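**Q** Sharing final_23.txt (compact mmCIF, C-alpha atoms and all ligand atoms) below.
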# COMPACT_ATOMS: atom_id res chain seq x y z
CA MET M 1 2.97 -20.20 8.65
CA SER M 2 2.31 -18.46 5.34
CA GLY M 3 1.28 -14.80 5.20
CA LEU M 4 2.42 -11.85 7.28
CA ARG M 5 2.07 -11.89 11.07
CA ILE M 6 2.74 -8.78 13.15
CA ARG M 7 3.04 -8.99 16.95
CA GLY M 8 3.67 -6.29 19.54
CA PHE M 9 5.03 -3.97 16.83
CA TYR M 10 6.27 -0.42 17.58
CA SER M 11 7.67 2.23 15.25
CA GLY M 12 8.10 5.98 15.09
CA TYR M 13 10.66 8.78 15.17
CA PRO M 14 13.11 9.96 17.83
CA GLN M 15 10.68 12.53 19.26
CA ARG M 16 7.47 10.69 18.49
CA LYS M 17 5.98 7.21 18.93
CA VAL M 18 3.55 6.48 16.09
CA ILE M 19 2.77 2.76 15.87
CA GLU M 20 2.14 1.32 19.31
CA ASN M 21 1.78 -2.34 20.19
CA LEU M 22 0.26 -3.30 16.83
CA SER M 23 -0.70 -6.94 16.37
CA VAL M 24 -2.25 -8.42 13.23
CA PRO M 25 -2.77 -12.19 13.40
CA ARG M 26 -2.41 -12.80 9.67
CA LEU M 27 -2.38 -10.91 6.38
CA PRO M 28 -3.19 -13.55 3.77
CA ARG M 29 -1.11 -14.46 0.70
CA GLY M 30 -2.67 -13.98 -2.71
CA LYS M 31 -4.92 -11.15 -1.48
CA ILE M 32 -4.93 -7.36 -1.45
CA THR M 33 -5.08 -5.80 2.01
CA VAL M 34 -6.10 -2.14 2.04
CA LEU M 35 -4.76 -0.02 4.90
CA LEU M 36 -7.20 2.76 5.83
CA GLY M 37 -7.05 5.57 8.37
CA PRO M 38 -7.12 9.36 8.70
CA ASN M 39 -4.26 11.70 7.80
CA GLY M 40 -1.33 11.37 10.17
CA CYS M 41 -2.52 8.11 11.80
CA GLY M 42 0.69 6.27 10.84
CA LYS M 43 -0.02 4.43 7.57
CA SER M 44 3.23 5.45 5.83
CA THR M 45 5.21 5.01 9.04
CA LEU M 46 3.90 1.45 9.30
CA LEU M 47 4.63 0.55 5.66
CA ARG M 48 8.14 2.00 5.92
CA ALA M 49 8.73 0.09 9.16
CA LEU M 50 7.54 -3.17 7.53
CA ALA M 51 10.06 -2.51 4.73
CA GLY M 52 12.89 -1.85 7.21
CA LEU M 53 13.09 1.86 6.33
CA ASN M 54 11.94 3.06 9.78
CA PRO M 55 13.21 1.64 13.06
CA ALA M 56 10.89 -0.91 14.63
CA GLN M 57 10.58 -3.32 17.55
CA GLY M 58 8.40 -6.37 17.92
CA GLU M 59 7.84 -9.44 15.78
CA LEU M 60 7.32 -9.52 12.04
CA TRP M 61 6.94 -12.93 10.44
CA LEU M 62 6.79 -13.23 6.64
CA ASN M 63 5.96 -16.73 5.40
CA GLY M 64 7.48 -18.21 8.53
CA GLU M 65 10.65 -16.08 8.51
CA GLU M 66 11.36 -13.39 11.17
CA LEU M 67 12.04 -10.28 9.05
CA LEU M 68 13.48 -8.14 11.86
CA ALA M 69 16.30 -10.66 12.24
CA LEU M 70 17.34 -10.46 8.57
CA PRO M 71 20.06 -8.15 7.26
CA PHE M 72 18.57 -5.25 5.26
CA SER M 73 19.76 -6.62 1.89
CA ARG M 74 17.98 -9.97 2.41
CA ARG M 75 14.87 -8.21 3.65
CA ALA M 76 14.89 -5.97 0.55
CA GLU M 77 14.79 -9.10 -1.65
CA ARG M 78 11.50 -10.07 0.00
CA VAL M 79 9.81 -6.72 0.65
CA VAL M 80 9.27 -3.85 -1.78
CA TYR M 81 7.93 -0.46 -0.67
CA LEU M 82 6.63 2.00 -3.26
CA PRO M 83 6.60 5.51 -1.73
CA GLN M 84 3.98 8.16 -2.47
CA SER M 85 6.31 9.79 -5.02
CA LEU M 86 9.39 8.63 -6.91
CA PRO M 87 12.70 10.33 -6.06
CA ALA M 88 13.20 13.50 -8.16
CA GLY M 89 16.17 14.19 -10.44
CA VAL M 90 16.71 10.64 -11.77
CA HIS M 91 17.72 11.09 -15.40
CA LEU M 92 16.94 7.62 -16.78
CA HIS M 93 14.53 6.39 -19.41
CA VAL M 94 11.46 4.55 -18.10
CA LEU M 95 12.74 1.30 -19.66
CA GLU M 96 16.25 1.69 -18.16
CA SER M 97 14.83 2.45 -14.71
CA ILE M 98 12.77 -0.74 -14.69
CA ILE M 99 15.61 -2.89 -16.03
CA VAL M 100 17.82 -1.47 -13.22
CA ALA M 101 15.11 -2.40 -10.66
CA GLN M 102 14.85 -5.89 -12.13
CA ARG M 103 18.64 -6.49 -12.09
CA ALA M 104 18.91 -5.11 -8.55
CA SER M 105 16.65 -7.92 -7.39
CA GLY M 106 18.53 -10.66 -9.22
CA GLY M 107 16.39 -10.72 -12.38
CA SER M 108 17.75 -11.19 -15.87
CA GLY M 109 17.14 -7.58 -16.94
CA SER M 110 15.21 -8.89 -19.95
CA GLU M 111 13.83 -6.03 -22.06
CA ALA M 112 11.01 -8.26 -23.33
CA ASP M 113 9.70 -8.89 -19.78
CA VAL M 114 9.85 -5.20 -19.00
CA MET M 115 8.03 -4.26 -22.20
CA ALA M 116 5.33 -6.88 -21.47
CA LEU M 117 4.75 -5.30 -18.04
CA LEU M 118 4.64 -1.79 -19.53
CA GLU M 119 2.05 -3.06 -22.02
CA GLN M 120 -0.04 -4.48 -19.16
CA LEU M 121 0.08 -1.12 -17.39
CA GLY M 122 -0.79 0.73 -20.61
CA ILE M 123 2.44 2.77 -20.64
CA ALA M 124 4.57 0.99 -23.28
CA HIS M 125 4.50 4.20 -25.33
CA LEU M 126 6.48 5.92 -22.53
CA ALA M 127 9.37 3.40 -22.55
CA LEU M 128 11.90 5.83 -24.00
CA ASN M 129 10.72 8.93 -22.11
CA TYR M 130 12.82 10.32 -19.29
CA LEU M 131 11.43 9.81 -15.76
CA ASP M 132 11.84 13.48 -14.90
CA GLN M 133 9.68 14.47 -17.89
CA LEU M 134 6.61 12.41 -16.93
CA SER M 135 3.33 13.59 -15.41
CA GLY M 136 2.51 12.70 -11.78
CA GLY M 137 0.21 9.84 -12.79
CA GLN M 138 2.69 8.47 -15.35
CA LYS M 139 5.40 8.45 -12.64
CA GLN M 140 3.09 6.48 -10.35
CA LEU M 141 2.55 3.85 -13.03
CA VAL M 142 6.31 3.58 -13.63
CA GLY M 143 6.86 3.23 -9.86
CA LEU M 144 4.36 0.38 -9.85
CA ALA M 145 6.18 -1.31 -12.75
CA GLN M 146 9.52 -0.94 -10.87
CA SER M 147 7.92 -2.57 -7.82
CA LEU M 148 6.19 -5.46 -9.62
CA ILE M 149 9.28 -6.38 -11.67
CA ARG M 150 11.22 -7.02 -8.44
CA ARG M 151 8.90 -9.95 -7.60
CA PRO M 152 8.64 -9.39 -3.84
CA GLN M 153 6.86 -11.67 -1.36
CA LEU M 154 5.44 -8.57 0.35
CA LEU M 155 4.44 -5.58 -1.80
CA LEU M 156 3.72 -2.31 0.02
CA LEU M 157 2.08 0.44 -2.06
CA ASP M 158 1.71 3.85 -0.42
CA GLU M 159 -1.17 5.73 -2.07
CA PRO M 160 -0.41 4.39 -5.57
CA LEU M 161 -3.64 5.89 -6.97
CA SER M 162 -3.34 9.46 -5.71
CA ALA M 163 -2.37 10.97 -9.10
CA LEU M 164 -4.37 8.59 -11.31
CA ASP M 165 -7.58 9.34 -13.20
CA LEU M 166 -10.71 7.24 -12.62
CA ASN M 167 -9.95 4.83 -15.44
CA TYR M 168 -6.38 4.16 -14.27
CA GLN M 169 -7.44 3.82 -10.61
CA PHE M 170 -9.70 0.95 -11.60
CA HIS M 171 -7.18 -0.54 -14.04
CA VAL M 172 -4.32 -0.45 -11.51
CA MET M 173 -6.32 -1.98 -8.66
CA ASP M 174 -7.55 -4.69 -10.99
CA LEU M 175 -4.02 -5.41 -12.22
CA VAL M 176 -2.53 -5.39 -8.70
CA ARG M 177 -5.25 -7.77 -7.54
CA ARG M 178 -4.64 -10.15 -10.45
CA GLU M 179 -0.85 -10.09 -9.99
CA THR M 180 -1.20 -10.55 -6.23
CA ARG M 181 -3.28 -13.67 -6.82
CA ARG M 182 -1.15 -15.03 -9.68
CA ARG M 183 2.13 -14.61 -7.75
CA ASN M 184 0.55 -15.61 -4.43
CA ILE M 185 2.10 -12.59 -2.69
CA ILE M 186 0.90 -10.33 0.12
CA THR M 187 0.02 -6.83 -1.06
CA VAL M 188 -0.77 -3.94 1.27
CA VAL M 189 -2.14 -0.78 -0.35
CA VAL M 190 -2.83 2.56 1.31
CA VAL M 191 -5.81 4.36 -0.21
CA HIS M 192 -8.02 7.17 1.06
CA ASP M 193 -11.06 6.36 -1.08
CA ILE M 194 -13.31 4.09 1.01
CA ASN M 195 -15.29 3.03 -2.07
CA ILE M 196 -12.11 1.80 -3.75
CA ALA M 197 -11.39 -0.22 -0.61
CA LEU M 198 -14.91 -1.68 -0.61
CA ARG M 199 -14.68 -2.59 -4.26
CA HIS M 200 -11.12 -3.93 -4.57
CA ALA M 201 -9.87 -4.98 -1.13
CA GLU M 202 -10.07 -8.57 0.03
CA HIS M 203 -8.90 -7.67 3.53
CA VAL M 204 -8.89 -4.31 5.35
CA LEU M 205 -6.90 -2.88 8.25
CA MET M 206 -8.17 0.32 9.85
CA LEU M 207 -5.81 2.45 11.92
CA LYS M 208 -6.43 5.40 14.20
CA GLN M 209 -3.61 7.22 16.01
CA GLY M 210 -1.22 4.35 15.40
CA ARG M 211 -3.56 1.71 16.80
CA LEU M 212 -5.48 -1.01 15.01
CA ILE M 213 -9.23 -0.38 15.18
CA ALA M 214 -10.42 -3.17 12.88
CA ASP M 215 -9.00 -6.07 10.85
CA GLY M 216 -11.02 -8.31 8.53
CA GLU M 217 -13.11 -8.50 5.38
CA PRO M 218 -14.06 -5.12 3.84
CA GLU M 219 -17.75 -5.32 4.64
CA GLN M 220 -17.05 -6.30 8.26
CA VAL M 221 -14.53 -3.49 8.78
CA ILE M 222 -16.13 -0.62 6.83
CA THR M 223 -19.30 0.08 8.78
CA ALA M 224 -21.22 3.18 9.83
CA GLN M 225 -19.79 2.67 13.30
CA SER M 226 -16.12 2.45 12.24
CA LEU M 227 -16.50 5.44 9.89
CA ALA M 228 -17.84 7.47 12.81
CA GLN M 229 -15.16 6.26 15.22
CA VAL M 230 -12.18 6.59 12.89
CA TYR M 231 -13.09 9.46 10.55
CA GLY M 232 -15.75 11.32 12.54
CA VAL M 233 -18.28 11.10 9.69
CA ARG M 234 -21.86 9.90 9.49
CA GLY M 235 -21.93 7.35 6.70
CA ARG M 236 -24.22 4.72 5.20
CA ILE M 237 -23.22 1.59 3.29
CA GLU M 238 -25.73 0.85 0.55
CA LEU M 239 -25.83 -1.57 -2.35
CA CYS M 240 -25.85 0.17 -5.72
CA SER M 241 -28.12 -1.10 -8.52
CA GLN M 242 -25.36 -3.50 -9.65
CA GLY M 243 -25.01 -4.98 -6.17
CA THR M 244 -21.70 -3.29 -5.27
CA PRO M 245 -21.55 -1.77 -1.76
CA GLN M 246 -21.00 2.00 -1.70
CA VAL M 247 -20.37 4.40 1.16
CA LEU M 248 -22.47 7.56 1.23
CA ILE M 249 -21.44 10.30 3.62
CA ASP M 250 -24.27 12.33 5.16
CA GLY M 251 -22.17 14.67 7.27
CA LEU M 252 -19.90 14.93 10.26
CA VAL M 253 -20.53 13.32 13.61
CA ALA M 254 -21.79 16.06 15.91
CA GLU M 255 -19.22 17.20 18.48
CA PRO M 256 -20.26 16.25 22.01
CA GLY M 257 -22.12 19.15 23.54
CA LEU M 258 -22.98 20.90 20.24
N1 LIG M 301 10.22 11.93 9.49
C1 LIG M 301 9.36 12.18 10.49
N2 LIG M 301 9.80 12.68 11.67
C2 LIG M 301 8.95 12.92 12.71
N3 LIG M 301 7.62 12.71 12.65
C3 LIG M 301 7.13 12.22 11.49
C4 LIG M 301 7.96 11.95 10.36
N4 LIG M 301 7.18 11.47 9.34
C5 LIG M 301 5.92 11.47 9.83
N5 LIG M 301 5.88 11.91 11.10
C6 LIG M 301 4.71 12.03 11.99
O1 LIG M 301 4.21 10.71 12.21
C7 LIG M 301 2.79 10.71 12.22
C8 LIG M 301 2.30 9.67 11.21
O2 LIG M 301 2.66 10.10 9.90
P1 LIG M 301 2.41 9.19 8.62
O3 LIG M 301 3.06 9.87 7.47
O4 LIG M 301 2.81 7.81 8.94
O5 LIG M 301 0.82 9.29 8.53
P2 LIG M 301 -0.16 8.79 7.36
O6 LIG M 301 -1.24 8.01 8.04
O7 LIG M 301 0.60 8.10 6.28
O8 LIG M 301 -0.75 10.18 6.86
P3 LIG M 301 -1.32 10.69 5.43
O9 LIG M 301 -2.62 9.96 5.18
O10 LIG M 301 -1.54 12.13 5.70
O11 LIG M 301 -0.27 10.42 4.37
C9 LIG M 301 2.33 12.13 11.89
O12 LIG M 301 1.98 12.78 13.09
C10 LIG M 301 3.57 12.79 11.31
O13 LIG M 301 3.61 14.16 11.62
Using structure tokens, write down the structure from this file.
Ligand SMILES: Nc1ncnc2c1ncn2[C@@H]1O[C@H](COP(=O)(O)OP(=O)(O)OP(=O)(O)O)[C@@H](O)[C@H]1O
**A**
Amino acid sequence: MSGLRIRGFYSGYPQRKVIENLSVPRLPRGKITVLLGPNGCGKSTLLRALAGLNPAQGELWLNGEELLALPFSRRAERVVYLPQSLPAGVHLHVLESIIVAQRASGGSGSEADVMALLEQLGIAHLALNYLDQLSGGQKQLVGLAQSLIRRPQLLLLDEPLSALDLNYQFHVMDLVRRETRRRNIITVVVVHDINIALRHAEHVLMLKQGRLIADGEPEQVITAQSLAQVYGVRGRIELCSQGTPQVLIDGLVAEPGL
């Protein structure tokens, strides 16, 4: 079966269970899935576990192949995880760092391909800058280029927009969506901005305390009821004048007894 299927999945740390008995029938190929949930609910733990960077038990099927049974090197050819921040102290040019990422995944290391991707991301002018001399947002864009050039089947992006301005947030989500469709891959993106999820996601997972609360199309998952249950806020979903749904937050859900 194509797509990603998760069954009876557990992950966490020696002193702490985080993801408990998670099952997701199917994350579709060619679509962006946004993973939502409050701070500390287990979003990064889950992405790292999907990538084989955290211990996990259960079943994890990617395009019909059981990932947990694969050696780490074969799994890393199929799954790429972009962490919230790039490792510090890497003294490489942007261009070199992406060529290294491309060669590590069996690519040709072609400078022309890398430059074309940097152009698409709007950062070709940074090609000869050192990674450790970039701004936070510039580093995020380079991290995205390093991830895309590796041509994974499953792309896991952990808060890739957190340091980006409004223009780049839109540009990056648009680009990731186009590339996800063009390459027919599965992309899972963690974001905190519900309106970005409503606008750009094609599928949404909502987590609370390591458990799946909702799974489906954005407008089915992001409702006043789920916002109250998962985030403890009173919200409304309204159509703006251009027909795009928007979440408006009116306040916090009253504590019982207050
Ligand atoms: N290395 C670790 N060792 C032990 N516990 C950890 C570790 N990393 C995270 N945790 C705990 O696991 C839980 C889930 O953390 P995780 O980083 O997955 O949450 P998150 O949903 O990504 O949060 P945020 O939105 O704040 O980034 C938290 O309670 C956190 O304290």
**Q** Between M:Ile149, M:Val191, M:Ala69, M:Val34, which is the closest to ligand LIG 301 (chain M) once you count all atoms listed in the file?
**A**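 Closest to ligand LIG 301 (chain M) of all the choices is M:Val191.
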**Q** If you measure from atom N4 of ligand LIG 301 (chain M) to atom CA of Leu67 of chain M, what distance in Å do you get, rounded to one decimal?
**A** 22.3 Å
**Q** Can you tell me which residues come within 7 Å of ligand LIG 301 (chain M) when counting all atoms listed in the file, ideally as a list in words?
**A**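 The neighbouring residues of ligand LIG 301 (chain M) are, in order, Gly12, Tyr13, Gln15, Arg16, Val18, Gly37, Pro38, Asn39, Gly40, Cys41, Gly42, Lys43, Ser44, Thr45 and Leu46 of chain M.
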**Q** Smallest atom-to-atom distance to Leu155 of chain M: which of M:Gly3, M:Leu70, M:Asp215, M:Ser97, using all atoms listed in the file?
**A**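 Among the listed residues, the smallest separation from Leu155 of chain M belongs to M:Gly3.
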**Q** Of the candidates M:Leu82, M:Val90, M:Ala56, M:Ala101, which one gets nearest to Glu159 of chain M if we count all atoms listed in the file?
**A**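 Closest to Glu159 of chain M of all the choices is M:Leu82.
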**Q** Atom CA of Pro71 of chain M and atom CA of Gln84 of chain M are how many Å apart?
**A**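 These two atoms are separated by 24.9 Å.
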**Q** Axis-aligned box over every listed atom of segment 63-71 of chain M, padded by 3 Å per side: centre and edges in Å to one decimal, as lines of an AutoDock Vina configuration file?
**A**
center_x = 13.0
center_y = -13.2
center_z = 8.8
size_x = 20.1
size_y = 16.1
size_z = 12.8
**Q** Of the candidates M:Met1, M:Val142, M:Ile249, M:Leu35, which one gets nearest to Asp158 of chain M if we count all atoms listed in the file?
**A**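 Selected residue with least distance to Asp158 of chain M: M:Leu35.
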